[in-house]
$ cat structure20.cif   # mmCIF, C-alpha atoms
data_upload
loop_
_atom_site.label_atom_id
_atom_site.label_comp_id
_atom_site.auth_asym_id
_atom_site.auth_seq_id
_atom_site.Cartn_x
_atom_site.Cartn_y
_atom_site.Cartn_z
CA MET A 5 -11.62 13.64 -0.40
CA LEU A 6 -12.97 10.87 -2.62
CA ALA A 7 -15.22 8.30 -0.99
CA ILE A 8 -15.50 5.35 -3.36
CA ALA A 9 -17.09 1.93 -3.15
CA SER A 10 -18.78 -0.72 -5.22
CA GLY A 11 -22.54 -1.01 -4.90
CA GLY A 12 -24.73 -2.74 -2.36
CA GLY A 13 -23.30 -3.31 1.10
CA HIS A 14 -19.99 -1.64 0.25
CA PHE A 15 -21.77 1.59 -0.62
CA ILE A 16 -24.08 1.38 2.39
CA GLN A 17 -21.10 1.01 4.74
CA LEU A 18 -19.31 3.87 3.00
CA MET A 19 -22.29 6.18 3.52
CA ARG A 20 -22.44 5.21 7.21
CA LEU A 21 -18.99 6.79 7.50
CA ALA A 22 -20.30 10.14 6.19
CA PRO A 23 -20.34 11.84 9.63
CA ALA A 24 -16.53 11.41 9.69
CA TRP A 25 -16.09 13.71 6.72
CA GLU A 26 -18.66 16.35 7.63
CA GLY A 27 -17.28 19.81 7.01
CA HIS A 28 -14.82 18.56 4.37
CA GLN A 29 -15.04 18.68 0.60
CA VAL A 30 -15.97 15.17 -0.48
CA SER A 31 -16.85 13.57 -3.78
CA ILE A 32 -18.68 10.25 -3.87
CA ALA A 33 -18.19 7.52 -6.48
CA THR A 34 -20.02 4.22 -6.90
CA VAL A 35 -21.48 1.97 -9.58
CA ASP A 36 -25.20 2.71 -9.30
CA PRO A 37 -26.45 6.04 -10.65
CA SER A 38 -29.56 5.80 -8.43
CA SER A 39 -27.27 6.11 -5.38
CA HIS A 40 -26.96 9.83 -6.16
CA ALA A 41 -30.07 10.42 -4.04
CA ALA A 42 -28.17 9.20 -0.96
CA VAL A 43 -25.27 11.66 -1.19
CA GLY A 44 -26.98 15.04 -1.04
CA ASP A 45 -25.15 17.90 -2.73
CA ALA A 46 -21.73 16.22 -2.87
CA PRO A 47 -20.20 15.80 -6.33
CA PHE A 48 -21.23 12.33 -7.51
CA PHE A 49 -19.56 10.03 -10.02
CA THR A 50 -20.27 6.56 -11.34
CA PHE A 51 -17.97 3.95 -12.82
CA ARG A 52 -18.41 0.52 -14.36
CA ASP A 53 -18.08 -2.20 -11.75
CA VAL A 54 -15.50 -4.97 -11.82
CA SER A 55 -14.71 -7.98 -9.66
CA ARG A 56 -12.43 -11.00 -9.70
CA ALA A 57 -15.16 -12.85 -11.61
CA ASP A 58 -14.91 -10.41 -14.54
CA TRP A 59 -11.29 -9.34 -14.20
CA TRP A 60 -11.02 -8.60 -17.94
CA ARG A 61 -13.04 -5.43 -17.23
CA ILE A 62 -10.26 -3.97 -15.05
CA PRO A 63 -8.93 -1.65 -17.82
CA ILE A 64 -12.41 -0.20 -18.45
CA THR A 65 -13.02 0.43 -14.76
CA ALA A 66 -9.49 1.81 -14.29
CA PHE A 67 -10.18 4.28 -17.11
CA ASP A 68 -13.46 5.36 -15.48
CA ILE A 69 -11.76 5.79 -12.11
CA ALA A 70 -8.81 7.69 -13.60
CA ARG A 71 -11.30 10.18 -15.08
CA ILE A 72 -12.94 10.54 -11.67
CA LEU A 73 -9.58 11.15 -10.01
CA ILE A 74 -8.73 13.84 -12.56
CA ARG A 75 -12.05 15.59 -11.98
CA ALA A 76 -12.22 15.23 -8.19
CA ARG A 77 -8.50 15.77 -7.47
CA PRO A 78 -8.68 14.22 -3.99
CA GLN A 79 -5.97 14.48 -1.36
CA VAL A 80 -7.44 11.45 0.43
CA ILE A 81 -9.37 8.38 -0.71
CA ILE A 82 -11.56 6.36 1.63
CA THR A 83 -13.06 3.10 0.48
CA THR A 84 -15.02 0.21 1.89
CA GLY A 85 -14.14 -1.90 -1.15
CA ALA A 86 -14.14 -3.77 -3.30
CA LEU A 87 -11.82 -4.01 -6.31
CA PRO A 88 -12.70 -0.53 -7.67
CA GLY A 89 -11.60 1.05 -4.38
CA LEU A 90 -8.29 -0.78 -4.68
CA ILE A 91 -7.92 0.46 -8.25
CA ALA A 92 -8.56 4.05 -7.12
CA ALA A 93 -5.96 3.84 -4.33
CA THR A 94 -3.43 2.26 -6.70
CA LEU A 95 -3.90 4.88 -9.42
CA ALA A 96 -3.74 7.80 -6.97
CA ARG A 97 -0.77 6.65 -4.88
CA PRO A 98 1.99 7.89 -7.28
CA PHE A 99 0.47 11.37 -6.97
CA GLY A 100 0.77 11.44 -3.18
CA VAL A 101 -2.90 10.79 -2.50
CA ARG A 102 -3.33 9.08 0.85
CA SER A 103 -5.85 6.28 1.21
CA LEU A 104 -7.82 4.44 3.88
CA TRP A 105 -9.26 0.98 3.28
CA VAL A 106 -12.11 -0.11 5.59
CA ASP A 107 -12.67 -3.80 4.96
CA SER A 108 -16.30 -4.90 4.81
CA ILE A 109 -17.93 -6.15 7.98
CA ALA A 110 -19.08 -9.17 5.94
CA ASN A 111 -15.50 -10.46 5.96
CA SER A 112 -15.55 -11.92 9.45
CA GLU A 113 -13.20 -14.88 8.95
CA THR A 114 -10.51 -13.36 6.73
CA LEU A 115 -9.88 -10.06 4.99
CA SER A 116 -11.40 -9.70 1.56
CA ALA A 117 -9.13 -10.49 -1.39
CA SER A 118 -8.91 -6.78 -2.21
CA GLY A 119 -8.43 -5.94 1.47
CA GLY A 120 -5.44 -8.25 1.59
CA GLN A 121 -3.92 -6.42 -1.38
CA ALA A 122 -4.83 -3.01 0.06
CA ALA A 123 -2.08 -3.32 2.68
CA ARG A 124 0.43 -2.98 -0.18
CA VAL A 125 -1.17 0.17 -1.57
CA CYS A 126 -3.14 2.03 1.10
CA ASP A 127 -1.76 4.16 3.92
CA ALA A 128 -4.07 2.49 6.42
CA VAL A 129 -6.10 -0.71 6.31
CA VAL A 130 -8.81 -1.24 8.89
CA THR A 131 -10.81 -4.36 9.65
CA GLN A 132 -14.12 -4.32 11.45
CA TRP A 133 -13.27 -7.54 13.32
CA PRO A 134 -10.71 -7.36 16.20
CA HIS A 135 -9.35 -10.87 15.59
CA LEU A 136 -8.33 -9.93 12.02
CA ALA A 137 -6.16 -7.00 13.14
CA LYS A 138 -2.59 -8.14 12.46
CA GLY A 139 0.23 -7.57 10.03
CA GLY A 140 -0.39 -3.85 9.57
CA VAL A 141 -4.18 -4.21 9.59
CA GLU A 142 -5.82 -2.29 12.43
CA HIS A 143 -9.18 -2.46 14.18
CA TRP A 144 -10.78 0.92 14.97
CA GLY A 145 -14.32 -0.35 15.55
CA SER A 146 -17.21 -1.40 13.34
CA VAL A 147 -19.54 0.36 10.95
CA LEU A 148 -22.90 -1.21 11.77
#
$ encode --input "structure20.cif" --output "structure tokens"
Amino acid sequence: MLAIASGGGHFIQLMRLAPAWEGHQVSIATVDPSSHAAVGDAPFFTFRDVSRADWWRIPITAFDIARILIRARPQVIITTGALPGLIAATLARPFGVRSLWVDSIANSETLSASGGQAARVCDAVVTQWPHLAKGGVEHWGSVL
């Protein structure tokens, strides 16, 4: 499994999901090298961050993530966002890698922009707000 997220709150929420993958082989990927301390012995990777504000960096980040996918060889990707998680799911999909998108709890009014696109790419998209669960987006609870 590859657990991947941008930094800050996305990474914090991703790590709060760690009990769900206990006992499984998991690699962790994020933007901040200092986050390695939070993942224990799991294989750890970093990539250059990208967002809608600096969209021209997408090819660089996609290259970084492709290298991570080649090294980690996941069967499943789980992400709490943002754009890098969407890139990972998109790159891995043609190879049969399943993916789960957990939209950030910060998106209480609408899904994130990447979360809205994730429904086209990911096998499952989950919101942390019950009133946003529609159109293939499910609510399984919240990561608080």
$ resolve_selection --input "structure20.cif" --expression "the PyMOL selection byres ((chain A and resi 93-107) around 7)" --output "NGL selection string"
:A and (78-85 or 89-92 or 108-109 or 115-116 or 119 or 122 or 125-132)
$ residues_near_point --input "structure20.cif" --point "(-11.2, 20.3, -1.0)" --cutoff "10 Å" --atoms "only C-alpha atoms" --output "PyMOL selection string"
chain A and resi 5-6+28-31+76-80
$ atom_distance --input "structure20.cif" --atom1 "atom CA of Ala46 of chain A" --atom2 "atom CA of Glu26 of chain A"
10.9 Å
$ resolve_selection --input "structure20.cif" --expression "the PyMOL selection byres ((chain A and resi 60-71) around 9)" --output "PyMOL selection string"
chain A and resi 33+50-59+72-76+87-88+91-92+95-96
$ axis_aligned_box --input "structure20.cif" --around "segment 106-109 of chain A" --padding-each-side "8 Å" --output "JSON"
{"center_x": -15.0, "center_y": -3.1, "center_z": 6.4, "size_x": 21.8, "size_y": 22.0, "size_z": 19.2}
$ atom_distance --input "structure20.cif" --atom1 "atom CA of Trp133 of chain A" --atom2 "atom CA of Ile16 of chain A"
17.8 Å
$ atom_distance --input "structure20.cif" --atom1 "atom CA of Leu18 of chain A" --atom2 "atom CA of Val43 of chain A"
10.7 Å
$ closest_atom_pairs --input "structure20.cif" --of "segment 18-127 of chain A" --to "segment 135-144 of chain A" --cutoff "9 Å" --atoms "all atoms listed in the file" --output "tab-separated table"
residue	atom	partner	partner_atom	distance
A:Ser112	CA	A:Leu136	CA	7.9
A:Glu113	CA	A:Leu136	CA	7.6
A:Thr114	CA	A:Leu136	CA	6.7
A:Leu115	CA	A:Leu136	CA	7.2
A:Ala123	CA	A:Gly140	CA	7.1
$ residues_near_point --input "structure20.cif" --point "(-22.0, 8.8, -5.7)" --cutoff "10 Å" --atoms "all atoms listed in the file" --output "NGL selection string"
:A and (6-9 or 11 or 15 or 19 or 31-44 or 46-51)
$ write_last_selection --input "structure20.cif" --atoms "C-alpha atoms" --output "compact mmCIF listing (two decimals), in the coordinates of the input"
# COMPACT_ATOMS: atom_id res chain seq x y z
CA LEU A 6 -12.97 10.87 -2.62
CA ALA A 7 -15.22 8.30 -0.99
CA ILE A 8 -15.50 5.35 -3.36
CA ALA A 9 -17.09 1.93 -3.15
CA GLY A 11 -22.54 -1.01 -4.90
CA PHE A 15 -21.77 1.59 -0.62
CA MET A 19 -22.29 6.18 3.52
CA SER A 31 -16.85 13.57 -3.78
CA ILE A 32 -18.68 10.25 -3.87
CA ALA A 33 -18.19 7.52 -6.48
CA THR A 34 -20.02 4.22 -6.90
CA VAL A 35 -21.48 1.97 -9.58
CA ASP A 36 -25.20 2.71 -9.30
CA PRO A 37 -26.45 6.04 -10.65
CA SER A 38 -29.56 5.80 -8.43
CA SER A 39 -27.27 6.11 -5.38
CA HIS A 40 -26.96 9.83 -6.16
CA ALA A 41 -30.07 10.42 -4.04
CA ALA A 42 -28.17 9.20 -0.96
CA VAL A 43 -25.27 11.66 -1.19
CA GLY A 44 -26.98 15.04 -1.04
CA ALA A 46 -21.73 16.22 -2.87
CA PRO A 47 -20.20 15.80 -6.33
CA PHE A 48 -21.23 12.33 -7.51
CA PHE A 49 -19.56 10.03 -10.02
CA THR A 50 -20.27 6.56 -11.34
CA PHE A 51 -17.97 3.95 -12.82
$ decode --input "structure20.cif" --residues "segment 41-74 of chain A" --atoms "C-alpha atoms" --output "compact mmCIF listing (two decimals), in the first residue's frame"
# COMPACT_ATOMS: atom_id res chain seq x y z
CA ALA A 41 9.99 10.82 12.12
CA ALA A 42 6.21 10.31 12.21
CA VAL A 43 6.13 7.11 10.14
CA GLY A 44 8.32 4.74 12.11
CA ASP A 45 10.02 2.00 10.11
CA ALA A 46 7.78 2.24 7.03
CA PRO A 47 9.50 3.01 3.74
CA PHE A 48 9.34 6.79 3.34
CA PHE A 49 9.44 8.90 0.19
CA THR A 50 9.24 12.61 -0.55
CA PHE A 51 8.12 14.46 -3.64
CA ARG A 52 7.98 18.09 -4.71
CA ASP A 53 4.62 19.62 -3.88
CA VAL A 54 2.23 21.12 -6.41
CA SER A 55 -1.13 22.86 -6.25
CA ARG A 56 -3.52 24.68 -8.55
CA ALA A 57 -1.60 27.88 -7.77
CA ASP A 58 1.60 26.47 -9.30
CA TRP A 59 0.12 24.06 -11.83
CA TRP A 60 3.17 24.36 -14.11
CA ARG A 61 4.99 22.13 -11.59
CA ILE A 62 2.68 19.18 -12.32
CA PRO A 63 5.20 17.41 -14.64
CA ILE A 64 7.96 17.63 -12.01
CA THR A 65 5.71 16.25 -9.27
CA ALA A 66 4.31 13.58 -11.60
CA PHE A 67 7.88 12.45 -12.31
CA ASP A 68 8.67 12.28 -8.58
CA ILE A 69 5.49 10.30 -7.90
CA ALA A 70 6.09 7.93 -10.84
CA ARG A 71 9.50 7.09 -9.33
CA ILE A 72 7.83 6.43 -5.98
CA LEU A 73 5.25 4.16 -7.60
CA ILE A 74 7.99 2.19 -9.35
